[in-house]
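Source file protein.txt; content: compact mmCIF, C-alpha atoms and all ligand atoms.
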```
# COMPACT_ATOMS: atom_id res chain seq x y z
CA MET W 1 73.22 114.17 89.07
CA LYS W 2 76.42 115.57 87.70
CA LYS W 3 77.45 114.32 84.30
CA PRO W 4 80.16 111.68 84.80
CA LYS W 5 83.62 112.94 83.98
CA ARG W 6 85.61 111.51 81.14
CA CYS W 7 88.54 109.33 82.13
CA ASP W 8 91.95 110.80 81.25
CA HIS W 9 93.66 107.36 81.46
CA THR W 10 96.15 108.51 84.04
CA SER W 11 96.20 107.48 87.67
CA VAL W 12 98.44 108.10 90.62
CA GLY W 13 98.75 106.00 93.75
CA ILE W 14 100.47 107.00 96.96
CA LEU W 15 102.18 104.62 99.37
CA VAL W 16 102.30 105.89 102.94
CA LYS W 17 104.18 103.99 105.60
CA LYS W 18 104.33 104.37 109.36
CA ARG W 19 106.99 102.05 110.76
CA ASN W 20 106.22 98.85 108.82
CA GLN W 21 102.53 99.55 108.34
CA ARG W 22 100.87 100.87 105.21
CA LEU W 23 98.00 103.30 105.05
CA LEU W 24 95.03 101.73 103.27
CA ILE W 25 91.49 102.89 102.68
CA GLU W 26 88.24 101.13 101.93
CA ARG W 27 86.49 102.92 99.11
CA ARG W 28 82.91 103.98 99.55
CA GLY W 29 81.92 103.67 95.88
CA SER W 30 83.18 101.79 92.87
CA ASN W 31 85.67 100.45 92.45
CA PHE W 32 85.12 98.44 95.56
CA GLY W 33 88.12 97.23 97.47
CA ILE W 34 90.91 98.07 99.84
CA ALA W 35 93.45 100.38 98.28
CA ALA W 36 96.22 102.87 98.79
CA PRO W 37 95.07 106.47 98.24
CA ALA W 38 94.80 107.05 94.50
CA GLY W 39 93.12 109.16 91.85
CA HIS W 40 93.23 110.62 88.36
CA GLN W 41 95.84 113.13 87.21
CA ASP W 42 93.33 115.31 85.37
CA GLY W 43 95.94 117.37 83.57
CA GLN W 44 98.25 117.82 86.55
CA SER W 45 101.74 116.38 86.83
CA PRO W 46 101.82 112.97 88.53
CA ALA W 47 103.44 114.46 91.65
CA ALA W 48 100.94 117.33 91.89
CA ALA W 49 98.05 114.91 91.49
CA ALA W 50 99.52 112.59 94.14
CA ARG W 51 99.83 115.50 96.55
CA LYS W 52 96.24 116.55 95.92
CA GLU W 53 94.80 113.03 96.30
CA LEU W 54 96.72 112.38 99.49
CA LYS W 55 95.33 115.56 100.96
CA GLU W 56 91.77 114.97 99.75
CA GLU W 57 91.44 111.28 100.57
CA VAL W 58 93.29 111.04 103.87
CA GLY W 59 94.21 114.59 104.87
CA LEU W 60 97.98 114.13 104.80
CA ALA W 61 100.55 116.52 103.35
CA ALA W 62 103.23 114.88 101.22
CA ARG W 63 106.62 116.43 101.92
CA LYS W 64 108.70 114.18 99.72
CA LEU W 65 107.40 111.93 96.96
CA VAL W 66 109.55 109.31 95.27
CA ALA W 67 108.23 107.74 92.06
CA ARG W 68 108.44 103.98 92.41
CA LEU W 69 106.51 102.56 89.46
CA LYS W 70 105.00 103.47 86.12
CA ILE W 71 102.74 100.87 84.52
CA LYS W 72 99.71 100.63 82.27
CA LEU W 73 96.81 98.61 83.65
CA ASN W 74 93.45 98.00 82.03
CA ASN W 75 91.47 98.69 85.20
CA PRO W 76 88.12 100.45 84.83
CA CYS W 77 87.00 103.49 86.79
CA ARG W 78 83.63 105.09 87.37
CA ARG W 79 84.13 107.68 84.61
CA THR W 80 83.23 107.28 80.95
CA ASN W 81 85.80 106.11 78.38
CA ASN W 82 87.65 104.13 81.03
CA GLN W 83 89.50 101.38 79.11
CA PHE W 84 92.89 101.72 80.83
CA HIS W 85 95.05 103.80 83.16
CA VAL W 86 98.73 104.64 83.06
CA TRP W 87 99.69 104.51 86.72
CA THR W 88 102.43 106.38 88.52
CA VAL W 89 102.94 105.10 92.04
CA PHE W 90 104.76 107.23 94.58
CA GLU W 91 106.17 106.47 97.97
CA ALA W 92 105.54 109.35 100.33
CA ALA W 93 109.06 109.28 101.76
CA ARG W 94 108.13 112.15 104.06
CA TRP W 95 104.64 113.22 105.02
CA GLN W 96 102.95 115.27 107.67
CA GLY W 97 99.64 115.46 109.44
CA ARG W 98 97.05 113.25 111.02
CA VAL W 99 94.86 111.00 108.97
CA LYS W 100 91.53 112.61 108.31
CA ARG W 101 89.71 110.60 105.69
CA SER W 102 87.26 111.90 103.12
CA LYS W 103 83.83 110.79 104.32
CA ASP W 104 82.48 110.94 100.76
CA GLU W 105 85.12 108.76 99.20
CA THR W 106 86.14 106.35 101.93
CA LYS W 107 84.36 104.09 104.41
CA ARG W 108 87.36 103.74 106.68
CA TYR W 109 91.13 103.79 106.82
CA PHE W 110 93.61 101.63 108.64
CA TRP W 111 97.32 100.97 108.98
CA ALA W 112 98.05 97.49 107.63
CA SER W 113 100.93 95.29 108.70
CA PRO W 114 102.70 93.27 105.96
CA ARG W 115 100.67 90.30 107.17
CA ALA W 116 97.38 92.20 106.90
CA VAL W 117 98.27 93.33 103.37
CA LYS W 118 99.02 89.73 102.43
CA SER W 119 95.74 88.56 103.87
CA LEU W 120 93.85 91.18 101.77
CA ALA W 121 95.72 89.90 98.70
CA ASP W 122 94.75 86.34 99.63
CA LYS W 123 91.13 87.43 99.81
CA LEU W 124 91.28 88.68 96.22
CA GLU W 125 92.97 85.45 95.15
CA ARG W 126 90.16 83.43 96.73
CA PHE W 127 87.53 85.65 95.12
CA ALA W 128 89.13 85.24 91.68
CA ARG W 129 89.27 81.46 92.13
CA ALA W 130 85.64 81.30 93.22
CA GLN W 131 84.64 83.36 90.18
CA ARG W 132 86.86 81.24 87.91
CA ILE W 133 88.72 84.29 86.66
CA PRO W 134 92.47 83.68 86.44
CA LEU W 135 94.22 86.41 88.43
CA ALA W 136 96.20 87.94 85.56
CA GLN W 137 96.60 91.54 84.44
CA LYS W 138 94.70 90.86 81.24
CA ASN W 139 91.64 89.89 83.32
CA LEU W 140 91.79 92.96 85.50
CA ARG W 141 88.77 94.63 83.97
CA LYS W 142 86.57 91.55 84.21
CA LEU W 143 87.72 90.92 87.75
CA GLN W 144 86.97 94.46 88.91
CA MET W 145 83.55 94.52 87.23
CA THR W 146 82.71 91.17 88.85
CA ALA W 147 83.87 92.43 92.25
CA ASN W 148 81.79 95.59 91.84
CA ARG W 149 78.68 93.45 91.35
CA SER W 150 79.37 91.08 94.22
CA ARG W 151 77.44 91.76 97.40
CA VAL W 152 79.84 89.59 99.39
CA TRP W 153 82.88 91.49 98.09
CA LYS W 154 81.32 94.89 98.69
CA LYS W 155 80.49 93.95 102.26
CA ASN W 156 83.89 92.55 103.05
CA PRO W 157 86.35 93.39 100.27
CA GLY W 158 89.95 92.34 99.81
CA LEU W 159 92.68 94.19 98.00
CA GLU W 160 91.31 96.16 95.05
CA PRO W 161 92.33 94.35 91.83
CA PRO W 162 94.55 97.11 90.32
CA MET W 163 96.29 97.55 93.70
CA TYR W 164 97.02 93.82 93.72
CA PHE W 165 99.04 94.13 90.53
CA LEU W 166 100.73 97.37 91.60
CA PHE W 167 101.71 95.79 94.92
CA LYS W 168 103.00 92.70 93.10
CA GLU W 169 105.13 94.84 90.78
CA LEU W 170 106.47 96.73 93.78
CA GLY W 171 107.27 93.55 95.69
CA ILE W 172 104.92 94.53 98.51
CA ILE W 173 103.08 91.21 98.20
ZN ZN H 201 89.72 106.62 84.81
```

Could you spell out this file's structure in C-alpha cells?
Amino acid sequence: MKKPKRCDHTSVGILVKKRNQRLLIERRGSNFGIAAPAGHQDGQSPAAAARKELKEEVGLAARKLVARLKIKLNNPCRRTNNQFHVWTVFEAARWQGRVKRSKDETKRYFWASPRAVKSLADKLERFARAQRIPLAQKNLRKLQMTANRSRVWKKNPGLEPPMYFLFKELGII
C-alpha cells in the first residue's frame, strides 16, 4: 500500500458538453457518486490541473478552458488532512478526442441530458432526506461520509454531494 497523499485543499472540476448533454463519470472509489471529471491541483495552476485530470479520467484534450466558478466547500477526499477544498470549475469550451475513461478511477461514463442530471440530483435529495441530513453546504462532509458508508448509495449512486453544490451554484440544477 502506498502512503496516502496529503490533501492540498485545492480541487478542479471540468464541465464537458456535447450538444446539451454533460459528460459524467461514476467513481470507482471514494467519494462515491456521479460527478464531472475532477481532481486535486497538487501545485499546478487550476487550468493545468484541469487539463491533466480531463486527460487522465476521460481521455479528452481540453483546447479551451473557461473558469466558471471558484468556491470553498468542506467536502472530504480520500487523502489525509482533507477538511476542505477550494474548487475552480472550468467549462471545456473546446475539447478534442474520444472518451476513454480511466479504468482505475471510474466505473463508467455517460452523457447526461439536463433531465438525467436533475434526476441524479433528486436521488441525492432523497438520500439526504432518508438519512435526515439537511442538504446544506455545511453538512457536506457528513453527507459524503454517510454516502460512502451506504451500500445502497454505492450500488446505485446519485450526484456526488460536492457536485450537487457546484451544479447549484452554476445554475445547472
Ligand atoms: Zn483533498

> ligand ZN 201 (chain H): which residues are within 10 Å, counting all atoms listed in the file, as a list in words?
Replying inline: Lys5, Arg6, Cys7, Asp8, His9, Thr10, Ser11, Gly39, His40, Gln41, Asp42, Asn74, Asn75, Pro76, Cys77, Arg78, Arg79, Thr80, Asn81, Asn82, Gln83, Phe84, His85 and Val86 of chain W

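The smallest atom-to-atom distance between Leu65 (chain W) and any of W:Ala130, W:Ala92, W:Val16, W:Ala50, using all atoms listed in the file, is found for W:Ala92.
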
>> I'd like the neighbourhood of Ala67 (chain W) as a PyMOL selection string, where a residue qualifies if any of its atoms comes within 8 Å (using only C-alpha atoms), though same-chain residues fewer than 4 positions away should be ignored.
In response: chain W and resi 88-91

> Distance CA of Val117 (chain W)-CA of Asn31 (chain W), one decimal place?
Replying inline: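 Atom-to-atom, CA of Val117 (chain W) to CA of Asn31 (chain W), that is 18.1 Å.
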
> What separation in Å, quoted to one decimal, exists between CA of Ser102 (chain W) and CA of Gly59 (chain W)?
Replying inline: 7.7 Å

> Using only C-alpha atoms, which of the listed residues (W:Pro46, W:Arg19, W:Phe127, W:Tyr164) sits closest to Lys70 (chain W)?
Replying inline: W:Pro46
